[in-house]
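Contents: one structure, followed by commentary.
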Amino acid sequence: MESLDSEEIATIEPAQPSIHIHEFSAQLQDSAVYFQVLQLCDSFLIWIGSAPNMNDLSMAMCTKFDQLPAVAHLLGDSSNMVSSSLAQKLAKKTGKQVFVSYNLPEDSQLLPLVERRILEEMRIQPDKF
């Protein structure tokens, strides 16, 4: 085992954060919808909800085997395909691994508004995804 000479001094340098958080919201169908993006290395997680809970999570990523990204439902009711579908669309658009936690009631009129708001934010601030 090597020991440090009394003249050698170890230096510690702070690491750059590897997770960045971006938050935005929208008023959709008379209710506040909140979005939180955790930007990771070559991937991101987007949480969507109106209350602080995480009852659903899906992941999608592009592969060389299919034009559609592979998708897996990781948490929650697997018969609810909203988060899986949204993760697949976002993975195809970004080419990244995408995790989606969709914590809103199933509503066929709300979902397109949520998607439009995410795409708008991606256009305005692409470096956050």
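Chains: A, B, ... in order of the structure tokens. Residues: from 1 per chain. Ligands: from 1, in order shown.
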
Could you build a table of the residues in segment 105-127 of chain A lying no more than 9 Å from segment 11-28 of chain A, giving for each the nearest pair of atoms and their separation in Å rounded to one decimal place, using only C-alpha atoms, ordered by chain and ascending residue number, as a tab-separated table?
```
residue	atom	partner	partner_atom	distance
A:Leu110	CA	A:Leu28	CA	7.2
A:Leu113	CA	A:Leu28	CA	6.9
A:Val114	CA	A:Leu28	CA	7.8
A:Arg117	CA	A:Ala26	CA	7.4
A:Glu121	CA	A:Phe24	CA	8.2
```

Inset, instruction - Identify, on the basis of only C-alpha atoms, every residue whose closest approach to Pro69 of chain A does not exceed 7 Å; exclude the query and any residue fewer than 6 positions from it along the same chain; express the result as a PyMOL selection string. - result: chain A and resi 60-63+88+91-92

Put those residues in a file: N, CA, C and O atoms, as a PDB file, in the first residue's frame.
```
ATOM      1  N   ALA A  60     -39.391   4.442 -23.005  1.00  0.00           N
ATOM      2  CA  ALA A  60     -39.263   4.084 -24.420  1.00  0.00           C
ATOM      3  C   ALA A  60     -37.883   4.493 -24.911  1.00  0.00           C
ATOM      4  O   ALA A  60     -37.307   5.471 -24.435  1.00  0.00           O
ATOM      5  N   MET A  61     -37.368   3.708 -25.862  1.00  0.00           N
ATOM      6  CA  MET A  61     -36.074   4.040 -26.458  1.00  0.00           C
ATOM      7  C   MET A  61     -35.996   3.479 -27.868  1.00  0.00           C
ATOM      8  O   MET A  61     -36.614   2.462 -28.191  1.00  0.00           O
ATOM      9  N   CYS A  62     -35.257   4.175 -28.706  1.00  0.00           N
ATOM     10  CA  CYS A  62     -35.076   3.742 -30.091  1.00  0.00           C
ATOM     11  C   CYS A  62     -34.123   2.550 -30.128  1.00  0.00           C
ATOM     12  O   CYS A  62     -33.198   2.457 -29.320  1.00  0.00           O
ATOM     13  N   THR A  63     -34.385   1.648 -31.072  1.00  0.00           N
ATOM     14  CA  THR A  63     -33.498   0.505 -31.289  1.00  0.00           C
ATOM     15  C   THR A  63     -33.238   0.373 -32.779  1.00  0.00           C
ATOM     16  O   THR A  63     -33.952   0.955 -33.590  1.00  0.00           O
ATOM     17  N   GLN A  88     -43.177   6.774 -26.211  1.00  0.00           N
ATOM     18  CA  GLN A  88     -42.777   6.310 -27.535  1.00  0.00           C
ATOM     19  C   GLN A  88     -42.687   7.483 -28.515  1.00  0.00           C
ATOM     20  O   GLN A  88     -41.724   7.588 -29.287  1.00  0.00           O
ATOM     21  N   ALA A  91     -39.606   9.620 -27.566  1.00  0.00           N
ATOM     22  CA  ALA A  91     -38.351   8.930 -27.895  1.00  0.00           C
ATOM     23  C   ALA A  91     -38.087   9.014 -29.398  1.00  0.00           C
ATOM     24  O   ALA A  91     -36.952   9.240 -29.824  1.00  0.00           O
ATOM     25  N   LYS A  92     -39.133   8.843 -30.182  1.00  0.00           N
ATOM     26  CA  LYS A  92     -38.967   8.923 -31.635  1.00  0.00           C
ATOM     27  C   LYS A  92     -38.566  10.333 -32.052  1.00  0.00           C
ATOM     28  O   LYS A  92     -37.708  10.515 -32.913  1.00  0.00           O
TER      29      LYS A  92
END
```

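For the atom pair formed by atom CA of Asn80 of chain A and atom CA of Lys128 of chain A, the distance is 27.2 Å, given to one decimal.
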
Legend entry - Backbone-only DSSP, helix (DSSP H, G or I) members of segment 8-116 of chain A, as a ChimeraX atom specification: /A:82-94,110-116

Go ahead and save the picked residues with N, CA, C and O atoms, as a PDB file, in the first residue's frame.
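Wrote it out as result-v4.pdb, contents follow:
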```
ATOM      1  N   VAL A  82     -51.419   5.468 -21.852  1.00  0.00           N
ATOM      2  CA  VAL A  82     -51.135   6.879 -22.116  1.00  0.00           C
ATOM      3  C   VAL A  82     -49.644   7.179 -21.981  1.00  0.00           C
ATOM      4  O   VAL A  82     -49.034   7.754 -22.871  1.00  0.00           O
ATOM      5  N   SER A  83     -49.040   6.792 -20.867  1.00  0.00           N
ATOM      6  CA  SER A  83     -47.624   7.109 -20.656  1.00  0.00           C
ATOM      7  C   SER A  83     -46.739   6.354 -21.649  1.00  0.00           C
ATOM      8  O   SER A  83     -45.743   6.888 -22.138  1.00  0.00           O
ATOM      9  N   SER A  84     -47.104   5.122 -21.984  1.00  0.00           N
ATOM     10  CA  SER A  84     -46.320   4.350 -22.946  1.00  0.00           C
ATOM     11  C   SER A  84     -46.358   4.996 -24.318  1.00  0.00           C
ATOM     12  O   SER A  84     -45.333   5.123 -24.998  1.00  0.00           O
ATOM     13  N   SER A  85     -47.537   5.409 -24.738  1.00  0.00           N
ATOM     14  CA  SER A  85     -47.697   6.049 -26.048  1.00  0.00           C
ATOM     15  C   SER A  85     -46.934   7.369 -26.104  1.00  0.00           C
ATOM     16  O   SER A  85     -46.237   7.657 -27.084  1.00  0.00           O
ATOM     17  N   LEU A  86     -47.043   8.158 -25.048  1.00  0.00           N
ATOM     18  CA  LEU A  86     -46.345   9.440 -25.011  1.00  0.00           C
ATOM     19  C   LEU A  86     -44.831   9.250 -24.963  1.00  0.00           C
ATOM     20  O   LEU A  86     -44.084   9.951 -25.655  1.00  0.00           O
ATOM     21  N   ALA A  87     -44.361   8.280 -24.194  1.00  0.00           N
ATOM     22  CA  ALA A  87     -42.923   7.993 -24.135  1.00  0.00           C
ATOM     23  C   ALA A  87     -42.404   7.584 -25.509  1.00  0.00           C
ATOM     24  O   ALA A  87     -41.326   8.003 -25.935  1.00  0.00           O
ATOM     25  N   GLN A  88     -43.177   6.774 -26.211  1.00  0.00           N
ATOM     26  CA  GLN A  88     -42.777   6.310 -27.535  1.00  0.00           C
ATOM     27  C   GLN A  88     -42.687   7.483 -28.515  1.00  0.00           C
ATOM     28  O   GLN A  88     -41.724   7.588 -29.287  1.00  0.00           O
ATOM     29  N   LYS A  89     -43.665   8.375 -28.481  1.00  0.00           N
ATOM     30  CA  LYS A  89     -43.649   9.544 -29.372  1.00  0.00           C
ATOM     31  C   LYS A  89     -42.452  10.446 -29.083  1.00  0.00           C
ATOM     32  O   LYS A  89     -41.787  10.920 -30.004  1.00  0.00           O
ATOM     33  N   LEU A  90     -42.177  10.686 -27.798  1.00  0.00           N
ATOM     34  CA  LEU A  90     -41.071  11.568 -27.431  1.00  0.00           C
ATOM     35  C   LEU A  90     -39.713  10.936 -27.743  1.00  0.00           C
ATOM     36  O   LEU A  90     -38.781  11.627 -28.141  1.00  0.00           O
ATOM     37  N   ALA A  91     -39.606   9.620 -27.566  1.00  0.00           N
ATOM     38  CA  ALA A  91     -38.351   8.930 -27.895  1.00  0.00           C
ATOM     39  C   ALA A  91     -38.087   9.014 -29.398  1.00  0.00           C
ATOM     40  O   ALA A  91     -36.952   9.240 -29.824  1.00  0.00           O
ATOM     41  N   LYS A  92     -39.133   8.843 -30.182  1.00  0.00           N
ATOM     42  CA  LYS A  92     -38.967   8.923 -31.635  1.00  0.00           C
ATOM     43  C   LYS A  92     -38.566  10.333 -32.052  1.00  0.00           C
ATOM     44  O   LYS A  92     -37.708  10.515 -32.913  1.00  0.00           O
ATOM     45  N   LYS A  93     -39.162  11.332 -31.423  1.00  0.00           N
ATOM     46  CA  LYS A  93     -38.862  12.721 -31.770  1.00  0.00           C
ATOM     47  C   LYS A  93     -37.450  13.128 -31.360  1.00  0.00           C
ATOM     48  O   LYS A  93     -36.765  13.824 -32.094  1.00  0.00           O
ATOM     49  N   THR A  94     -37.001  12.673 -30.183  1.00  0.00           N
ATOM     50  CA  THR A  94     -35.708  13.125 -29.657  1.00  0.00           C
ATOM     51  C   THR A  94     -34.557  12.166 -29.929  1.00  0.00           C
ATOM     52  O   THR A  94     -33.396  12.561 -29.853  1.00  0.00           O
ATOM     53  N   LEU A 110     -57.981  15.939 -23.059  1.00  0.00           N
ATOM     54  CA  LEU A 110     -56.858  16.549 -22.347  1.00  0.00           C
ATOM     55  C   LEU A 110     -55.514  16.116 -22.924  1.00  0.00           C
ATOM     56  O   LEU A 110     -54.588  16.930 -23.029  1.00  0.00           O
ATOM     57  N   LEU A 111     -55.395  14.864 -23.302  1.00  0.00           N
ATOM     58  CA  LEU A 111     -54.111  14.332 -23.764  1.00  0.00           C
ATOM     59  C   LEU A 111     -53.505  15.128 -24.928  1.00  0.00           C
ATOM     60  O   LEU A 111     -52.319  15.463 -24.884  1.00  0.00           O
ATOM     61  N   PRO A 112     -54.259  15.465 -25.981  1.00  0.00           N
ATOM     62  CA  PRO A 112     -53.649  16.257 -27.058  1.00  0.00           C
ATOM     63  C   PRO A 112     -53.158  17.627 -26.591  1.00  0.00           C
ATOM     64  O   PRO A 112     -52.146  18.125 -27.096  1.00  0.00           O
ATOM     65  N   LEU A 113     -53.837  18.210 -25.618  1.00  0.00           N
ATOM     66  CA  LEU A 113     -53.399  19.499 -25.076  1.00  0.00           C
ATOM     67  C   LEU A 113     -52.088  19.349 -24.310  1.00  0.00           C
ATOM     68  O   LEU A 113     -51.200  20.202 -24.398  1.00  0.00           O
ATOM     69  N   VAL A 114     -51.965  18.250 -23.566  1.00  0.00           N
ATOM     70  CA  VAL A 114     -50.729  17.963 -22.828  1.00  0.00           C
ATOM     71  C   VAL A 114     -49.581  17.755 -23.819  1.00  0.00           C
ATOM     72  O   VAL A 114     -48.499  18.329 -23.656  1.00  0.00           O
ATOM     73  N   GLU A 115     -49.818  16.955 -24.835  1.00  0.00           N
ATOM     74  CA  GLU A 115     -48.780  16.712 -25.847  1.00  0.00           C
ATOM     75  C   GLU A 115     -48.361  18.006 -26.521  1.00  0.00           C
ATOM     76  O   GLU A 115     -47.168  18.252 -26.717  1.00  0.00           O
ATOM     77  N   ARG A 116     -49.328  18.830 -26.887  1.00  0.00           N
ATOM     78  CA  ARG A 116     -49.024  20.099 -27.553  1.00  0.00           C
ATOM     79  C   ARG A 116     -48.183  20.990 -26.657  1.00  0.00           C
ATOM     80  O   ARG A 116     -47.235  21.630 -27.120  1.00  0.00           O
TER      81      ARG A 116
END
```

Legend entry - Neighbour list for Asp56 of chain A as a ChimeraX atom specification, cut-off 8 Å, only C-alpha atoms, skip fewer than 6 positions in-chain: /A:74-77,83,101-103

Store the residues of this selection in a file with N, CA, C and O atoms, as a compact mmCIF listing (two decimals), in the first residue's frame.
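Result went into out.txt, see below:
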```txt
# COMPACT_ATOMS: atom_id res chain seq x y z
N LEU A 74 -43.49 0.48 -16.61
CA LEU A 74 -42.71 0.11 -15.43
C LEU A 74 -43.48 0.19 -14.11
O LEU A 74 -43.16 -0.53 -13.17
N LEU A 75 -44.48 1.07 -14.05
CA LEU A 75 -45.17 1.29 -12.79
C LEU A 75 -46.62 1.67 -13.07
O LEU A 75 -46.88 2.45 -13.98
N GLY A 76 -47.54 1.10 -12.32
CA GLY A 76 -48.94 1.47 -12.45
C GLY A 76 -49.74 0.47 -13.26
O GLY A 76 -49.29 -0.64 -13.55
N ASP A 77 -50.94 0.88 -13.62
CA ASP A 77 -51.89 0.05 -14.35
C ASP A 77 -51.41 -0.13 -15.80
O ASP A 77 -51.42 0.82 -16.58
N SER A 83 -49.04 6.79 -20.87
CA SER A 83 -47.62 7.11 -20.66
C SER A 83 -46.74 6.35 -21.65
O SER A 83 -45.74 6.89 -22.14
N SER A 101 -43.98 9.80 -16.73
CA SER A 101 -44.89 9.53 -15.62
C SER A 101 -46.11 10.43 -15.83
O SER A 101 -46.03 11.64 -15.63
N TYR A 102 -47.22 9.83 -16.27
CA TYR A 102 -48.44 10.57 -16.59
C TYR A 102 -49.43 10.33 -15.46
O TYR A 102 -49.96 9.24 -15.31
N ASN A 103 -49.68 11.37 -14.67
CA ASN A 103 -50.49 11.25 -13.47
C ASN A 103 -51.73 12.13 -13.52
O ASN A 103 -52.05 12.85 -12.58
```

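We find atom CA of Val100 of chain A and atom CA of Asp66 of chain A to be spaced 20.4 Å apart.
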